[in-house]
>>> print(open('my_file-v2.cif').read())   # mmCIF, C-alpha atoms and all ligand atoms
data_entry
loop_
_atom_site.label_atom_id
_atom_site.label_comp_id
_atom_site.auth_asym_id
_atom_site.auth_seq_id
_atom_site.Cartn_x
_atom_site.Cartn_y
_atom_site.Cartn_z
CA MET Q 1 5.86 -17.09 22.25
CA SER Q 2 2.53 -17.18 24.07
CA SER Q 3 -0.80 -15.72 22.95
CA HIS Q 4 -0.56 -13.41 26.01
CA SER Q 5 2.53 -11.67 24.63
CA PRO Q 6 2.01 -8.20 23.14
CA ILE Q 7 2.11 -7.20 19.51
CA GLY Q 8 4.93 -4.87 18.49
CA VAL Q 9 3.89 -1.94 16.30
CA PHE Q 10 6.31 0.59 14.90
CA ASP Q 11 6.35 3.71 12.82
CA SER Q 12 8.70 6.56 11.95
CA GLY Q 13 6.86 8.69 14.52
CA VAL Q 14 3.35 9.42 15.69
CA GLY Q 15 1.42 8.54 12.52
CA GLY Q 16 1.40 4.81 13.24
CA LEU Q 17 -1.04 5.52 16.06
CA THR Q 18 -3.76 5.50 13.38
CA VAL Q 19 -2.90 1.81 12.92
CA VAL Q 20 -2.80 1.23 16.70
CA LYS Q 21 -6.27 2.76 16.93
CA GLU Q 22 -7.62 0.34 14.34
CA ILE Q 23 -5.98 -2.67 16.07
CA MET Q 24 -7.49 -1.56 19.39
CA ARG Q 25 -10.91 -1.43 17.72
CA GLN Q 26 -10.73 -4.75 15.87
CA LEU Q 27 -8.59 -6.71 18.37
CA PRO Q 28 -9.49 -5.33 21.81
CA GLY Q 29 -7.90 -8.32 23.58
CA GLU Q 30 -4.41 -7.69 22.21
CA SER Q 31 -1.77 -5.81 24.18
CA MET Q 32 0.70 -3.68 22.23
CA VAL Q 33 4.19 -2.24 22.49
CA TYR Q 34 4.46 0.80 20.22
CA PHE Q 35 7.68 2.40 19.08
CA GLY Q 36 7.67 5.77 17.29
CA ASP Q 37 11.01 6.89 15.86
CA THR Q 38 10.30 10.54 16.63
CA ALA Q 39 14.00 11.51 16.63
CA ARG Q 40 14.61 10.31 13.07
CA VAL Q 41 11.27 11.06 11.38
CA PRO Q 42 10.59 11.55 8.47
CA TYR Q 43 11.42 8.27 6.75
CA GLY Q 44 9.55 9.34 3.63
CA SER Q 45 12.45 11.28 2.14
CA LYS Q 46 15.21 8.85 3.15
CA SER Q 47 17.00 6.14 1.19
CA LYS Q 48 16.20 2.44 1.33
CA ASP Q 49 19.47 1.69 3.17
CA THR Q 50 18.71 4.18 5.91
CA VAL Q 51 15.09 3.08 6.37
CA LEU Q 52 16.23 -0.56 6.46
CA LYS Q 53 18.88 0.19 9.07
CA TYR Q 54 16.40 2.09 11.27
CA SER Q 55 13.72 -0.59 10.88
CA LYS Q 56 16.15 -3.37 11.84
CA GLN Q 57 17.12 -1.50 15.00
CA ILE Q 58 13.47 -1.11 15.96
CA VAL Q 59 12.69 -4.76 15.26
CA HIS Q 60 15.65 -5.65 17.49
CA PHE Q 61 14.23 -3.43 20.26
CA LEU Q 62 10.74 -4.94 19.91
CA ARG Q 63 12.16 -8.48 20.05
CA LYS Q 64 13.70 -7.59 23.42
CA LYS Q 65 10.18 -6.72 24.56
CA GLU Q 66 9.18 -10.30 23.67
CA VAL Q 67 6.46 -9.41 21.22
CA LYS Q 68 4.69 -12.29 19.51
CA ALA Q 69 4.24 -10.52 16.15
CA ILE Q 70 5.19 -7.21 14.55
CA VAL Q 71 3.14 -4.73 12.56
CA VAL Q 72 5.12 -2.29 10.43
CA ALA Q 73 2.62 0.57 10.64
CA CYS Q 74 4.77 2.90 8.52
CA ASN Q 75 4.04 2.77 4.79
CA THR Q 76 7.57 3.85 3.92
CA ALA Q 77 9.18 1.14 6.08
CA SER Q 78 6.67 -1.41 4.73
CA ALA Q 79 7.67 -0.38 1.21
CA LEU Q 80 11.45 -0.29 1.69
CA ALA Q 81 12.34 -2.66 4.52
CA LEU Q 82 9.67 -5.30 5.15
CA ASP Q 83 10.76 -7.87 2.56
CA GLU Q 84 14.31 -7.97 3.92
CA ILE Q 85 13.29 -8.06 7.58
CA LYS Q 86 10.86 -10.91 6.86
CA GLN Q 87 13.80 -13.07 5.76
CA GLU Q 88 15.57 -12.50 9.06
CA ILE Q 89 13.00 -13.04 11.79
CA ASP Q 90 11.08 -16.02 13.04
CA ILE Q 91 7.93 -14.34 14.32
CA PRO Q 92 5.02 -13.18 12.13
CA ILE Q 93 5.44 -9.70 10.66
CA ILE Q 94 3.11 -7.72 8.43
CA GLY Q 95 3.14 -4.27 6.87
CA VAL Q 96 0.38 -1.96 5.74
CA VAL Q 97 1.01 -1.93 1.98
CA GLU Q 98 -0.18 -5.40 0.98
CA PRO Q 99 -3.44 -5.21 2.99
CA GLY Q 100 -4.11 -1.69 1.65
CA ALA Q 101 -3.58 -2.80 -1.96
CA LYS Q 102 -5.82 -5.84 -1.41
CA MET Q 103 -8.66 -3.71 -0.15
CA ALA Q 104 -8.38 -1.20 -3.00
CA ALA Q 105 -8.30 -4.00 -5.59
CA GLU Q 106 -11.46 -5.45 -4.03
CA ILE Q 107 -13.49 -2.26 -4.06
CA THR Q 108 -12.53 -0.68 -7.38
CA LYS Q 109 -15.14 -0.95 -10.11
CA THR Q 110 -13.26 0.90 -12.85
CA ASN Q 111 -9.80 -0.62 -12.12
CA SER Q 112 -8.45 2.88 -11.93
CA ILE Q 113 -6.77 3.52 -8.58
CA GLY Q 114 -4.82 6.44 -7.12
CA ILE Q 115 -2.11 6.14 -4.49
CA ILE Q 116 -0.80 8.94 -2.31
CA GLY Q 117 2.14 8.58 0.05
CA THR Q 118 5.61 9.80 0.89
CA GLU Q 119 8.21 10.35 -1.82
CA SER Q 120 9.94 7.05 -1.01
CA THR Q 121 6.73 5.02 -0.96
CA ILE Q 122 5.56 6.40 -4.31
CA LYS Q 123 9.02 6.06 -5.86
CA SER Q 124 9.20 2.41 -4.77
CA GLY Q 125 6.14 1.61 -6.91
CA ILE Q 126 5.21 -1.05 -4.38
CA TYR Q 127 1.46 -0.36 -4.22
CA THR Q 128 1.24 -0.64 -8.01
CA LYS Q 129 3.19 -3.90 -7.88
CA TYR Q 130 0.78 -5.45 -5.39
CA LEU Q 131 -2.31 -4.08 -7.16
CA ARG Q 132 -1.23 -5.46 -10.51
CA ALA Q 133 -0.29 -8.80 -9.00
CA ILE Q 134 -3.89 -9.09 -7.75
CA ASN Q 135 -5.42 -7.79 -10.98
CA PRO Q 136 -3.27 -7.01 -14.06
CA GLU Q 137 -6.13 -4.91 -15.49
CA ILE Q 138 -5.63 -2.26 -12.82
CA THR Q 139 -4.06 1.04 -13.78
CA ALA Q 140 -2.57 2.97 -10.90
CA VAL Q 141 -1.43 6.56 -10.59
CA GLY Q 142 0.76 7.68 -7.70
CA ARG Q 143 1.46 11.10 -6.20
CA ALA Q 144 3.83 11.99 -3.39
CA CYS Q 145 2.29 14.47 -0.93
CA PRO Q 146 5.15 15.38 1.44
CA LEU Q 147 3.47 18.44 2.97
CA PHE Q 148 0.54 16.44 4.35
CA VAL Q 149 2.68 15.01 7.19
CA PRO Q 150 3.70 18.36 8.74
CA LEU Q 151 0.18 19.75 8.25
CA VAL Q 152 -1.27 16.84 10.22
CA GLU Q 153 1.42 17.12 12.90
CA GLU Q 154 0.61 20.83 13.25
CA GLY Q 155 -3.02 19.83 13.85
CA LEU Q 156 -4.26 21.62 10.71
CA LEU Q 157 -6.82 18.89 9.95
CA GLU Q 158 -9.57 21.31 8.95
CA ASP Q 159 -7.85 24.37 7.62
CA ARG Q 160 -7.77 26.48 4.48
CA ILE Q 161 -4.02 25.86 4.08
CA THR Q 162 -4.59 22.10 4.09
CA ASP Q 163 -7.39 22.48 1.53
CA ASP Q 164 -5.04 24.50 -0.72
CA VAL Q 165 -2.27 21.89 -0.46
CA ILE Q 166 -4.75 19.09 -1.18
CA GLU Q 167 -5.85 20.90 -4.33
CA ARG Q 168 -2.25 21.47 -5.39
CA TYR Q 169 -1.32 17.81 -4.99
CA LEU Q 170 -4.51 16.12 -6.13
CA HIS Q 171 -5.94 18.14 -9.01
CA GLU Q 172 -4.26 15.94 -11.65
CA MET Q 173 -5.40 12.81 -9.84
CA LYS Q 174 -8.95 14.15 -9.90
CA GLU Q 175 -8.81 14.69 -13.65
CA TYR Q 176 -7.48 11.17 -14.11
CA GLY Q 177 -10.88 9.77 -13.09
CA ILE Q 178 -9.89 7.24 -10.41
CA ASP Q 179 -12.65 5.58 -8.37
CA SER Q 180 -10.49 4.62 -5.35
CA LEU Q 181 -7.67 6.43 -3.61
CA ILE Q 182 -5.26 4.64 -1.26
CA LEU Q 183 -4.22 6.80 1.71
CA GLY Q 184 -0.73 5.30 1.61
CA CYS Q 185 0.80 7.13 4.56
CA THR Q 186 0.04 6.81 8.26
CA HIS Q 187 -0.96 10.46 8.65
CA TYR Q 188 -3.41 10.79 5.77
CA PRO Q 189 -6.43 9.10 7.39
CA LEU Q 190 -6.45 12.07 9.78
CA ILE Q 191 -7.26 14.42 6.89
CA ARG Q 192 -9.56 12.02 5.12
CA ASN Q 193 -12.55 14.38 5.49
CA ALA Q 194 -10.72 17.18 3.69
CA ILE Q 195 -9.36 14.80 1.02
CA GLY Q 196 -12.81 13.25 0.56
CA ARG Q 197 -14.45 16.66 0.19
CA TYR Q 198 -12.01 17.57 -2.56
CA MET Q 199 -12.08 14.25 -4.44
CA GLY Q 200 -15.88 13.93 -4.26
CA ALA Q 201 -18.22 11.16 -3.08
CA GLU Q 202 -17.59 9.00 -6.15
CA VAL Q 203 -13.99 8.30 -5.03
CA ASN Q 204 -13.58 5.68 -2.26
CA LEU Q 205 -10.84 6.49 0.22
CA VAL Q 206 -8.93 3.37 1.27
CA ASN Q 207 -7.34 3.38 4.73
CA PRO Q 208 -4.76 0.54 4.82
CA ALA Q 209 -4.93 0.52 8.65
CA TYR Q 210 -8.38 -1.05 8.55
CA GLU Q 211 -7.36 -3.96 6.34
CA THR Q 212 -4.05 -4.36 8.21
CA ALA Q 213 -5.88 -4.97 11.50
CA LYS Q 214 -8.08 -7.52 9.70
CA SER Q 215 -5.02 -9.27 8.21
CA LEU Q 216 -3.35 -9.24 11.63
CA LYS Q 217 -6.34 -11.01 13.16
CA ALA Q 218 -6.24 -13.65 10.42
CA LEU Q 219 -2.50 -14.12 10.93
CA LEU Q 220 -2.73 -14.47 14.71
CA THR Q 221 -5.61 -16.93 14.33
CA GLU Q 222 -3.70 -19.00 11.78
CA GLN Q 223 -0.61 -19.08 14.04
CA GLN Q 224 -2.81 -19.89 17.05
CA ILE Q 225 -1.55 -16.91 19.02
CA LEU Q 226 -4.71 -14.77 19.10
CA ASN Q 227 -5.29 -13.67 22.70
CA GLN Q 228 -8.75 -14.95 23.61
CA SER Q 229 -8.25 -14.93 27.37
CA GLY Q 230 -10.55 -11.95 27.96
CA GLU Q 231 -7.85 -10.27 30.08
CA GLN Q 232 -7.46 -6.49 29.95
CA ALA Q 233 -5.13 -5.39 27.16
CA HIS Q 234 -2.30 -3.05 28.13
CA TYR Q 235 -0.30 -0.68 25.99
CA GLU Q 236 3.27 0.59 26.27
CA TYR Q 237 4.66 3.45 24.23
CA TYR Q 238 8.30 4.14 23.39
CA VAL Q 239 9.80 6.96 21.34
CA SER Q 240 13.28 8.07 20.36
CA ASP Q 241 12.61 11.73 21.34
CA GLY Q 242 9.94 14.30 22.17
CA VAL Q 243 7.77 12.60 24.77
CA ASP Q 244 5.50 15.60 25.33
CA LYS Q 245 4.71 16.12 21.66
CA PHE Q 246 4.03 12.41 21.31
CA SER Q 247 1.64 12.41 24.28
CA THR Q 248 -0.31 15.39 22.97
CA PHE Q 249 -0.72 13.79 19.56
CA ALA Q 250 -1.57 10.36 21.01
CA ALA Q 251 -4.26 11.85 23.25
CA LYS Q 252 -5.94 13.30 20.14
CA VAL Q 253 -5.76 10.11 18.07
CA LEU Q 254 -6.39 7.27 20.52
CA PRO Q 255 -9.70 6.55 22.20
CA CYS Q 256 -8.20 5.73 25.61
CA HIS Q 257 -5.93 7.23 28.24
CA VAL Q 258 -2.33 7.08 26.96
CA GLU Q 259 0.42 6.14 29.40
CA ARG Q 260 3.45 8.41 29.20
CA ALA Q 261 5.95 7.23 26.59
CA THR Q 262 9.50 6.20 27.50
CA VAL Q 263 12.53 7.44 25.57
CA VAL Q 264 14.73 4.74 24.05
CA ASP Q 265 18.26 5.14 22.67
CA ILE Q 266 17.37 3.32 19.48
CA GLU Q 267 20.84 3.78 17.93
CA SER Q 268 22.17 1.34 20.53
CA TYR Q 269 20.04 -1.54 19.15
N1 LIG Q 301 4.99 7.10 8.68
C1 LIG Q 301 5.35 7.54 7.36
C2 LIG Q 301 4.62 6.69 6.32
O1 LIG Q 301 3.57 6.14 6.57
C3 LIG Q 301 5.06 9.00 7.16
C4 LIG Q 301 6.00 9.94 7.90
C5 LIG Q 301 7.44 9.81 7.43
O2 LIG Q 301 7.80 10.29 6.35
O3 LIG Q 301 8.20 9.21 8.16
O4 LIG Q 301 5.08 6.57 5.22
#
>>> encode(input="my_file-v2.cif", output="structure tokens")
Amino acid sequence: MSSHSPIGVFDSGVGGLTVVKEIMRQLPGESMVYFGDTARVPYGSKSKDTVLKYSKQIVHFLRKKEVKAIVVACNTASALALDEIKQEIDIPIIGVVEPGAKMAAEITKTNSIGIIGTESTIKSGIYTKYLRAINPEITAVGRACPLFVPLVEEGLLEDRITDDVIERYLHEMKEYGIDSLILGCTHYPLIRNAIGRYMGAEVNLVNPAYETAKSLKALLTEQQILNQSGEQAHYEYYVSDGVDKFSTFAAKVLPCHVERATVVDIESY
């Protein structure tokens, strides 16, 4: 695999574009092939077996695109499928959970950390596992926030309804006295202003996408496949359904012109 090959990035849908955005910012020389499983989203309420099956199909598709490394941008897939996929492939692959936990463990001063994510991510307990492996003194409290995903997809980023739902989900977390909150789902960084307003300035909001892009750079450097040619990066987008909705969302999230996505029959992989 050459350093000129693209990086494969996948998510259950559009949310992983927040990770793409961060990779574009930190690694402007890297081309990417993005797959969003828009036909089968959400993953956050599905079983491990299903998420693993879907993730394997997507990895298979990305391998056909000759990617040099894969980023699992979806927190749920990182939580439920990454360990198993890692055993099966021979190119570098990283998820968003470990980098996110690392960053939170670094910045906490009180060792009291909150995690929000999908039902499956929170139920898996994976963020807590990584946090406590880094520092056994850490206490972590998790809360599933399933309504945040549709609110973001409806574009209600600054809206009274979103503020109400944030209060409903996070009031116990606020009382718990955490000093850092991991935004453990691809969509949540898009409502970070509203979440930050509610939690208050004393709570640091951790966006795993930032640390994931940093870890990706370190990994590519270590494997000697970082693209340092200075050539223009190019981006391809694939989805399993709903091209128009994807394009509208992508245009709002990404800082550049977004080529039209192509529909893929992912079940055939
Ligand atoms: N991408 C998912 C995640 O980060 C959120 C949407 C879903 O439930 O599929 O966990």
>>> residues_near_ligand(input="my_file-v2.cif", ligand="ligand LIG 301 (chain Q)", cutoff="9 Å", atoms="all atoms listed in the file", output="VMD selection string")
chain Q and resid 11 to 16 37 to 38 40 to 46 73 to 79 96 117 to 121 146 149 to 150 184 to 188
>>> closest_residue(input="my_file-v2.cif", among="Q:Val71, Q:Ala218, Q:Ile58, Q:Ile7", to="Val239 of chain Q", atoms="only C-alpha atoms")
Q:Ile58
>>> closest_residue(input="my_file-v2.cif", among="Q:Ile134, Q:Ser240, Q:Lys214, Q:Tyr235", to="Asp265 of chain Q", atoms="all atoms listed in the file")
Q:Ser240
>>> atom_distance(input="my_file-v2.cif", atom1="atom CA of Tyr127 of chain Q", atom2="atom CA of Ala140 of chain Q")
8.5 Å
>>> residues_around(input="my_file-v2.cif", residues="Glu236 of chain Q", least_positions_apart="3", cutoff="8 Å", atoms="only C-alpha atoms", output="PDB file with C-alpha atoms, in the coordinates of the input")
ATOM      1  CA  MET Q  32       0.700  -3.680  22.230  1.00  0.00           C
ATOM      2  CA  VAL Q  33       4.190  -2.240  22.490  1.00  0.00           C
ATOM      3  CA  TYR Q  34       4.460   0.800  20.220  1.00  0.00           C
ATOM      4  CA  GLU Q 259       0.420   6.140  29.400  1.00  0.00           C
ATOM      5  CA  ALA Q 261       5.950   7.230  26.590  1.00  0.00           C
TER       6      ALA Q 261
END
